[in-house]
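Structure below is coords-v7.cif: mmCIF, C-alpha atoms and all ligand atoms.
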data_entry
loop_
_atom_site.label_atom_id
_atom_site.label_comp_id
_atom_site.auth_asym_id
_atom_site.auth_seq_id
_atom_site.Cartn_x
_atom_site.Cartn_y
_atom_site.Cartn_z
CA MET S 1 197.41 115.74 107.91
CA PHE S 2 200.32 118.21 108.30
CA LEU S 3 202.36 115.54 110.09
CA VAL S 4 202.50 113.28 107.09
CA PRO S 5 205.68 114.53 105.37
CA ALA S 6 207.77 114.30 108.58
CA TYR S 7 207.16 110.56 109.13
CA PRO S 8 208.20 107.44 107.29
CA SER S 9 205.45 105.93 105.21
CA GLY S 10 204.75 102.96 107.54
CA LEU S 11 204.00 105.31 110.42
CA THR S 12 201.93 107.51 108.16
CA LYS S 13 199.70 104.58 107.40
CA ARG S 14 199.36 103.86 111.08
CA LEU S 15 198.49 107.49 111.82
CA ARG S 16 195.85 107.47 109.13
CA TRP S 17 194.46 104.28 110.60
CA LEU S 18 194.47 105.75 114.10
CA LEU S 19 192.74 108.90 112.92
CA ALA S 20 190.14 106.82 111.16
CA VAL S 21 189.54 104.75 114.27
CA PHE S 22 189.30 107.71 116.62
CA SER S 23 186.95 109.60 114.36
CA LEU S 24 184.48 106.69 114.30
CA PRO S 25 182.85 107.31 117.69
CA LEU S 26 182.38 110.99 116.75
CA LEU S 27 180.72 110.07 113.48
CA SER S 28 178.43 107.55 115.12
CA ALA S 29 177.50 110.03 117.87
CA GLN S 30 176.50 112.56 115.21
CA ALA S 31 174.50 109.99 113.23
CA LEU S 32 172.60 108.82 116.38
CA PRO S 33 171.76 105.29 115.26
CA PRO S 34 168.36 103.91 116.35
CA ARG S 35 168.31 101.87 119.59
CA PRO S 36 168.91 98.20 118.89
CA ALA S 37 165.72 96.13 118.82
CA LEU S 38 164.87 94.01 121.88
CA PRO S 39 165.94 90.36 121.69
CA PRO S 40 163.08 88.27 120.26
CA LEU S 41 160.82 86.15 122.45
CA ARG S 42 162.61 82.90 123.33
CA VAL S 43 161.09 79.49 124.13
CA LYS S 44 163.21 76.60 125.44
CA ALA S 45 162.28 73.09 126.58
CA VAL S 46 163.40 72.32 130.16
CA ALA S 47 161.62 68.96 130.68
CA PRO S 48 159.22 66.77 128.67
CA ASP S 49 156.25 68.97 127.66
CA VAL S 50 157.56 71.91 129.72
CA PHE S 51 158.97 75.06 128.10
CA VAL S 52 160.30 78.31 129.55
CA HIS S 53 159.25 81.46 127.67
CA THR S 54 161.50 84.50 128.00
CA SER S 55 160.59 88.02 126.95
CA TYR S 56 162.62 91.22 127.29
CA ARG S 57 162.09 94.85 128.27
CA ARG S 58 164.34 97.86 128.58
CA LEU S 59 164.07 99.36 132.06
CA PRO S 60 165.53 102.62 133.34
CA GLY S 61 168.70 101.95 135.30
CA SER S 62 169.64 98.66 133.64
CA ALA S 63 172.02 98.71 130.70
CA ALA S 64 170.87 95.42 129.15
CA PRO S 65 167.26 94.43 128.37
CA VAL S 66 165.71 92.66 131.39
CA PRO S 67 164.51 89.11 130.68
CA ALA S 68 161.39 87.63 132.31
CA ASN S 69 160.48 83.93 132.41
CA GLY S 70 157.19 82.08 132.39
CA LEU S 71 156.20 78.48 131.59
CA ILE S 72 154.26 76.69 128.88
CA VAL S 73 153.04 73.16 129.68
CA ARG S 74 151.76 70.89 126.93
CA THR S 75 148.96 68.60 128.16
CA ALA S 76 146.47 66.22 126.56
CA LYS S 77 143.82 68.92 127.11
CA GLY S 78 145.70 71.86 125.60
CA ALA S 79 148.43 74.16 126.84
CA LEU S 80 148.73 75.64 130.32
CA LEU S 81 150.48 79.00 130.59
CA ILE S 82 152.23 80.32 133.69
CA ASP S 83 152.54 84.11 133.40
CA THR S 84 152.39 86.28 130.29
CA THR S 85 155.24 88.25 128.75
CA TRP S 86 156.25 91.85 129.46
CA ASP S 87 153.86 93.27 126.86
CA PRO S 88 150.81 92.38 124.70
CA GLU S 89 152.76 92.04 121.43
CA GLN S 90 155.10 89.40 122.90
CA THR S 91 152.10 87.51 124.33
CA GLN S 92 150.56 87.52 120.86
CA GLN S 93 153.81 85.99 119.57
CA LEU S 94 153.73 83.46 122.39
CA LEU S 95 150.21 82.30 121.49
CA GLN S 96 151.34 82.05 117.87
CA TRP S 97 154.32 79.91 118.91
CA ILE S 98 152.04 77.60 120.92
CA ALA S 99 149.70 77.27 117.92
CA ASP S 100 152.50 76.71 115.37
CA SER S 101 154.87 74.53 117.39
CA LEU S 102 152.62 72.65 119.81
CA HIS S 103 149.47 72.84 117.65
CA GLN S 104 147.55 73.74 120.79
CA ARG S 105 145.47 76.48 122.28
CA VAL S 106 145.99 77.80 125.80
CA GLN S 107 143.28 76.26 127.99
CA LEU S 108 144.24 78.08 131.17
CA ALA S 109 146.72 80.78 132.17
CA ILE S 110 147.92 81.55 135.69
CA ILE S 111 149.29 84.89 136.91
CA THR S 112 151.77 84.30 139.75
CA HIS S 113 151.69 87.87 141.10
CA ALA S 114 150.44 91.32 140.13
CA HIS S 115 153.49 92.76 138.37
CA GLU S 116 154.01 93.74 134.75
CA ASP S 117 156.54 91.02 133.96
CA ARG S 118 153.86 88.45 134.93
CA ALA S 119 150.73 90.04 133.51
CA GLY S 120 151.84 92.51 130.80
CA GLY S 121 150.01 90.52 128.11
CA LEU S 122 146.88 89.71 130.12
CA ALA S 123 144.55 91.73 127.85
CA VAL S 124 145.58 89.60 124.85
CA LEU S 125 144.54 86.42 126.68
CA GLN S 126 141.27 87.97 127.80
CA ALA S 127 140.52 89.17 124.25
CA GLN S 128 140.89 85.57 123.07
CA ARG S 129 138.59 84.36 125.85
CA ILE S 130 141.34 82.33 127.51
CA LYS S 131 140.65 81.62 131.18
CA VAL S 132 143.14 83.48 133.40
CA TYR S 133 143.30 82.62 137.10
CA SER S 134 145.11 84.16 140.04
CA THR S 135 144.63 84.26 143.78
CA PRO S 136 142.09 86.81 145.12
CA LEU S 137 145.00 88.86 146.53
CA THR S 138 146.71 89.05 143.11
CA ALA S 139 143.43 90.06 141.44
CA GLN S 140 142.91 92.74 144.09
CA ARG S 141 146.46 94.08 143.79
CA PHE S 142 146.20 93.97 140.01
CA GLY S 143 143.11 96.20 140.25
CA MET S 144 145.06 98.69 142.39
CA LEU S 145 148.20 98.71 140.22
CA PHE S 146 146.44 98.69 136.83
CA PRO S 147 143.01 100.26 137.49
CA ARG S 148 142.04 100.47 133.80
CA ALA S 149 142.68 96.78 133.09
CA THR S 150 140.44 93.77 133.82
CA PRO S 151 141.98 91.68 136.61
CA PRO S 152 142.39 87.89 136.36
CA THR S 153 139.64 85.64 137.75
CA PRO S 154 140.34 85.17 141.49
CA ALA S 155 139.87 81.39 141.37
CA LEU S 156 143.10 80.15 143.01
CA LYS S 157 143.18 79.12 146.65
CA PRO S 158 146.43 79.23 148.66
CA TYR S 159 146.83 75.66 147.40
CA THR S 160 145.26 74.57 144.10
CA LEU S 161 145.84 71.39 142.09
CA ILE S 162 145.02 71.52 138.39
CA ARG S 163 144.59 68.28 136.43
CA ALA S 164 144.77 68.23 132.65
CA GLY S 165 145.00 64.72 131.23
CA ARG S 166 147.91 63.07 133.08
CA THR S 167 149.49 66.43 133.91
CA ARG S 168 149.34 67.75 137.44
CA LEU S 169 150.05 71.39 138.17
CA GLU S 170 150.20 72.57 141.74
CA LEU S 171 149.94 76.26 142.60
CA PHE S 172 151.00 77.24 146.07
CA PHE S 173 151.19 80.45 148.08
CA PRO S 174 154.10 80.09 150.55
CA GLY S 175 153.78 83.56 152.13
CA ALA S 176 154.96 87.06 151.22
CA ALA S 177 158.43 87.35 149.68
CA HIS S 178 159.25 89.29 146.46
CA ALA S 179 155.60 90.41 146.54
CA PRO S 180 152.82 89.92 149.11
CA ASP S 181 150.90 87.71 146.65
CA ASN S 182 153.61 85.57 144.96
CA VAL S 183 152.67 81.95 144.22
CA VAL S 184 154.94 79.19 142.92
CA ALA S 185 154.03 76.42 140.45
CA TRP S 186 155.07 72.76 140.73
CA LEU S 187 154.88 70.01 138.12
CA PRO S 188 155.35 66.76 140.09
CA ARG S 189 155.69 64.46 137.06
CA GLN S 190 158.34 66.61 135.39
CA LYS S 191 159.87 67.73 138.72
CA VAL S 192 159.91 71.34 137.56
CA LEU S 193 159.49 74.09 140.14
CA PHE S 194 158.60 77.53 138.82
CA GLY S 195 159.76 79.76 141.67
CA GLY S 196 158.98 82.99 139.82
CA CYS S 197 160.36 86.17 141.36
CA LEU S 198 160.61 84.47 144.76
CA VAL S 199 163.74 82.75 143.42
CA ARG S 200 166.84 84.44 141.97
CA GLU S 201 169.10 83.06 139.27
CA GLN S 202 172.52 81.71 140.33
CA SER S 203 174.42 84.68 138.88
CA ALA S 204 172.12 87.33 140.43
CA PRO S 205 174.13 89.49 142.85
CA THR S 206 171.03 91.09 144.40
CA LEU S 207 167.39 90.30 145.18
CA GLY S 208 166.10 92.42 142.27
CA ASN S 209 163.11 94.72 142.48
CA LEU S 210 162.21 95.19 146.15
CA ASP S 211 159.34 97.68 145.71
CA ASP S 212 156.75 95.27 147.10
CA ALA S 213 159.08 92.82 148.82
CA ASN S 214 158.89 91.71 152.44
CA LEU S 215 162.48 90.98 153.48
CA SER S 216 161.58 89.76 156.94
CA LEU S 217 159.06 87.17 155.68
CA TRP S 218 160.85 86.15 152.46
CA PRO S 219 163.36 83.77 154.16
CA ALA S 220 160.56 81.77 155.85
CA SER S 221 158.48 81.71 152.65
CA LEU S 222 161.51 80.45 150.72
CA ARG S 223 162.18 77.77 153.36
CA THR S 224 158.53 76.65 153.03
CA VAL S 225 159.04 76.23 149.27
CA THR S 226 162.38 74.43 149.71
CA ASP S 227 160.90 72.01 152.30
CA ARG S 228 157.77 71.36 150.25
CA TYR S 229 159.53 70.47 146.98
CA PRO S 230 162.61 68.40 147.84
CA ARG S 231 162.16 66.46 144.56
CA ALA S 232 162.60 69.56 142.37
CA GLN S 233 165.17 68.97 139.62
CA VAL S 234 164.65 72.09 137.53
CA VAL S 235 164.09 75.41 139.31
CA VAL S 236 162.96 78.30 137.12
CA PRO S 237 163.47 81.85 138.46
CA GLY S 238 161.37 84.85 137.40
CA HIS S 239 164.36 86.37 135.63
CA GLY S 240 167.43 84.79 134.04
CA GLN S 241 168.86 81.31 133.82
CA TRP S 242 167.10 78.31 135.34
CA GLY S 243 169.04 75.60 137.16
CA GLY S 244 168.76 73.10 140.00
CA PRO S 245 167.81 73.47 143.69
CA THR S 246 170.99 75.51 144.30
CA LEU S 247 168.99 78.52 143.10
CA LEU S 248 166.98 78.19 146.31
CA THR S 249 170.10 78.16 148.50
CA HIS S 250 171.59 81.05 146.51
CA THR S 251 168.43 83.11 147.10
CA ALA S 252 168.55 82.24 150.83
CA GLU S 253 172.15 83.48 150.92
CA LEU S 254 171.20 86.76 149.19
CA LEU S 255 168.46 87.21 151.79
CA ARG S 256 170.88 86.62 154.66
CA GLU S 257 173.25 89.23 153.21
CA ALA S 258 170.47 91.77 152.59
CA ASN S 259 169.01 91.36 156.07
CA ARG S 260 172.48 91.58 157.64
CA ARG S 261 173.52 94.69 155.70
CA LYS S 262 170.61 97.07 156.01
CA PRO S 263 167.69 97.74 158.32
CA PRO S 264 164.44 96.65 156.60
CA THR S 265 163.18 100.24 156.26
CA ALA S 266 166.19 101.29 154.15
CA LEU S 267 165.71 98.58 151.55
CA ARG S 268 163.06 100.08 149.33
CA GLU S 269 164.50 101.26 146.04
CA PRO S 270 162.24 102.93 143.51
CA GLN S 271 162.30 100.73 140.40
CA ALA S 272 160.09 99.77 137.54
CA ASN S 273 157.20 97.53 138.39
CA ARG S 274 158.41 93.96 137.94
ZN ZN S 301 157.46 90.85 140.47
#

Show me this structure written as structure tokens.
Ligand SMILES: [Zn+2]
Amino acid sequence: MFLVPAYPSGLTKRLRWLLAVFSLPLLSAQALPPRPALPPLRVKAVAPDVFVHTSYRRLPGSAAPVPANGLIVRTAKGALLIDTTWDPEQTQQLLQWIADSLHQRVQLAIITHAHEDRAGGLAVLQAQRIKVYSTPLTAQRFGMLFPRATPPTPALKPYTLIRAGRTRLELFFPGAAHAPDNVVAWLPRQKVLFGGCLVREQSAPTLGNLDDANLSLWPASLRTVTDRYPRAQVVVPGHGQWGGPTLLTHTAELLREANRRKPPTALREPQANR
């Protein structure tokens, strides 16, 4: 503080303040505070008896925790679950939320493709003897990607209609896109389309994880979904904010850009499995 005597007192105060401010980052770097906790599991209603569940994971290469969405559907016969959370602990919390808030048990869970953001909590469901269905291709890919885990029951056909009380849930495989096995879910009464990772949120600037994507087939698969569900009012993407059918056109535009920009062989980026 040798400068202090040479300056009027107002400036001295400011210097002290400046010094204090600039020394803060140094202090905090030395103290190495623990990493902030992940945001808690979030559940939000998007239509009568339909809720989006969102869990978070830190992934290498992304500054913010990456959210992943699934659905909970309340029916007269118990809850239906579309996709688990990123990890077992969050799925445990999800089951607790369903028990506490809906006073229901999960009667059936669906895995929409064999990636961790869809099936990270599968073992928790299996331990509680909850039925978990996927297509045979998803079960097979799950076995390859996670050889030590028990795959879901391969009970879904390319088109499967599930009835639970008055609720109808349609599961449909439109063709390869984000993954070779991705299915979408449609609730005709509530007009909710769960596009999963086949659909990108409105603010997404890219197509996301392309490790298992098929960029030449994705546009046609997306068109099949768009043509099949013209009544969709709520469209839920695999990651981020849900919205209306414009999410489908936004994803189509991202695909046009990606296919214009790069040859298909140059598009694989090594990323975490999601
Ligand atoms: Zn995925």

Spatial neighbours of Lys157 in chain S, max dist 9 Å, all atoms listed in the file, sep filter under 6 positions, as a VMD selection string: chain S and resid 134 to 136 171 to 173

Distance filter 10 Å around ligand ZN 301 (chain S), atoms: all atoms listed in the file, out as a PyMOL selection string: chain S and resi 68+112-119+177-182+196-198+208-213+238-239+272-274

Could you write those residues out with C-alpha atoms, as a PDB file, in the coordinates of the input?
ATOM      1  CA  ALA S  68     161.390  87.630 132.310  1.00  0.00           C
ATOM      2  CA  THR S 112     151.770  84.300 139.750  1.00  0.00           C
ATOM      3  CA  HIS S 113     151.690  87.870 141.100  1.00  0.00           C
ATOM      4  CA  ALA S 114     150.440  91.320 140.130  1.00  0.00           C
ATOM      5  CA  HIS S 115     153.490  92.760 138.370  1.00  0.00           C
ATOM      6  CA  GLU S 116     154.010  93.740 134.750  1.00  0.00           C
ATOM      7  CA  ASP S 117     156.540  91.020 133.960  1.00  0.00           C
ATOM      8  CA  ARG S 118     153.860  88.450 134.930  1.00  0.00           C
ATOM      9  CA  ALA S 119     150.730  90.040 133.510  1.00  0.00           C
ATOM     10  CA  ALA S 177     158.430  87.350 149.680  1.00  0.00           C
ATOM     11  CA  HIS S 178     159.250  89.290 146.460  1.00  0.00           C
ATOM     12  CA  ALA S 179     155.600  90.410 146.540  1.00  0.00           C
ATOM     13  CA  PRO S 180     152.820  89.920 149.110  1.00  0.00           C
ATOM     14  CA  ASP S 181     150.900  87.710 146.650  1.00  0.00           C
ATOM     15  CA  ASN S 182     153.610  85.570 144.960  1.00  0.00           C
ATOM     16  CA  GLY S 196     158.980  82.990 139.820  1.00  0.00           C
ATOM     17  CA  CYS S 197     160.360  86.170 141.360  1.00  0.00           C
ATOM     18  CA  LEU S 198     160.610  84.470 144.760  1.00  0.00           C
ATOM     19  CA  GLY S 208     166.100  92.420 142.270  1.00  0.00           C
ATOM     20  CA  ASN S 209     163.110  94.720 142.480  1.00  0.00           C
ATOM     21  CA  LEU S 210     162.210  95.190 146.150  1.00  0.00           C
ATOM     22  CA  ASP S 211     159.340  97.680 145.710  1.00  0.00           C
ATOM     23  CA  ASP S 212     156.750  95.270 147.100  1.00  0.00           C
ATOM     24  CA  ALA S 213     159.080  92.820 148.820  1.00  0.00           C
ATOM     25  CA  GLY S 238     161.370  84.850 137.400  1.00  0.00           C
ATOM     26  CA  HIS S 239     164.360  86.370 135.630  1.00  0.00           C
ATOM     27  CA  ALA S 272     160.090  99.770 137.540  1.00  0.00           C
ATOM     28  CA  ASN S 273     157.200  97.530 138.390  1.00  0.00           C
ATOM     29  CA  ARG S 274     158.410  93.960 137.940  1.00  0.00           C
TER      30      ARG S 274
END

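If you measure from each of S:Arg148, S:Arg141, S:Leu122, S:Asp83 to Val184 in chain S using all atoms listed in the file, the closest one turns out to be S:Asp83.
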
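Taking all atoms listed in the file into account, Leu254 in chain S lies nearest to S:Gln202 out of the set S:Gln104, S:Gln202, S:Gln92, S:Thr160.
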
All residues 8 Å or closer to range 218-227 of chain S, only C-alpha atoms, same chain fewer than 6 positions away omitted, as a PDB file with C-alpha atoms, keeping the file's coordinate frame:
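Below is the file out.pdb, written as the result:
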ATOM      1  CA  PRO S 174     154.100  80.090 150.550  1.00  0.00           C
ATOM      2  CA  GLY S 175     153.780  83.560 152.130  1.00  0.00           C
ATOM      3  CA  ALA S 176     154.960  87.060 151.220  1.00  0.00           C
ATOM      4  CA  ALA S 177     158.430  87.350 149.680  1.00  0.00           C
ATOM      5  CA  HIS S 178     159.250  89.290 146.460  1.00  0.00           C
ATOM      6  CA  LEU S 198     160.610  84.470 144.760  1.00  0.00           C
ATOM      7  CA  VAL S 199     163.740  82.750 143.420  1.00  0.00           C
ATOM      8  CA  LEU S 248     166.980  78.190 146.310  1.00  0.00           C
ATOM      9  CA  ALA S 252     168.550  82.240 150.830  1.00  0.00           C
ATOM     10  CA  LEU S 255     168.460  87.210 151.790  1.00  0.00           C
TER      11      LEU S 255
END

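Minimum atom-to-atom distances from S:Trp86, S:Val183, S:Gln96, S:Ala258 to Tyr133 in chain S were compared using only C-alpha atoms, and the lowest value belongs to S:Val183.
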
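Closest approach to Val43 in chain S among S:Gly70, S:Gly78, S:Pro151, S:Gly243 is made by S:Gly70 (distances from only C-alpha atoms).
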
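Here CA of Val234 in chain S stands at a distance of 10.0 Å from CA of Gly195 in chain S.
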
Just the residues within 12 Å of Ser62 in chain S, please, counting only C-alpha atoms, with nothing from its chain fewer than 2 positions along; format it as a PyMOL selection string. chain S and resi 57-60+64-67+208-209+271-272

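Among S:Pro188, S:Thr54, S:Ala79, S:Thr138, the residue with the shortest atom-to-atom distance to Pro237 in chain S, counting all atoms listed in the file, is S:Thr54.
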
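For the choices S:Leu169, S:Ala45, S:Leu187, S:Ile111, the atom-to-atom distance to Pro152 in chain S is smallest for S:Ile111 when using only C-alpha atoms.
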
Neighbour list for Phe51 in chain S as a PyMOL selection string, cut-off 10 Å, all atoms listed in the file, skip fewer than 5 positions in-chain: chain S and resi 42-46+69-74+81

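The interatomic distance for the pair CA of Gln128 in chain S and CA of Leu145 in chain S works out to 22.8 Å.
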
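Taking CA of Ala164 in chain S and CA of Val235 in chain S as the two end points, the separation is 21.7 Å.
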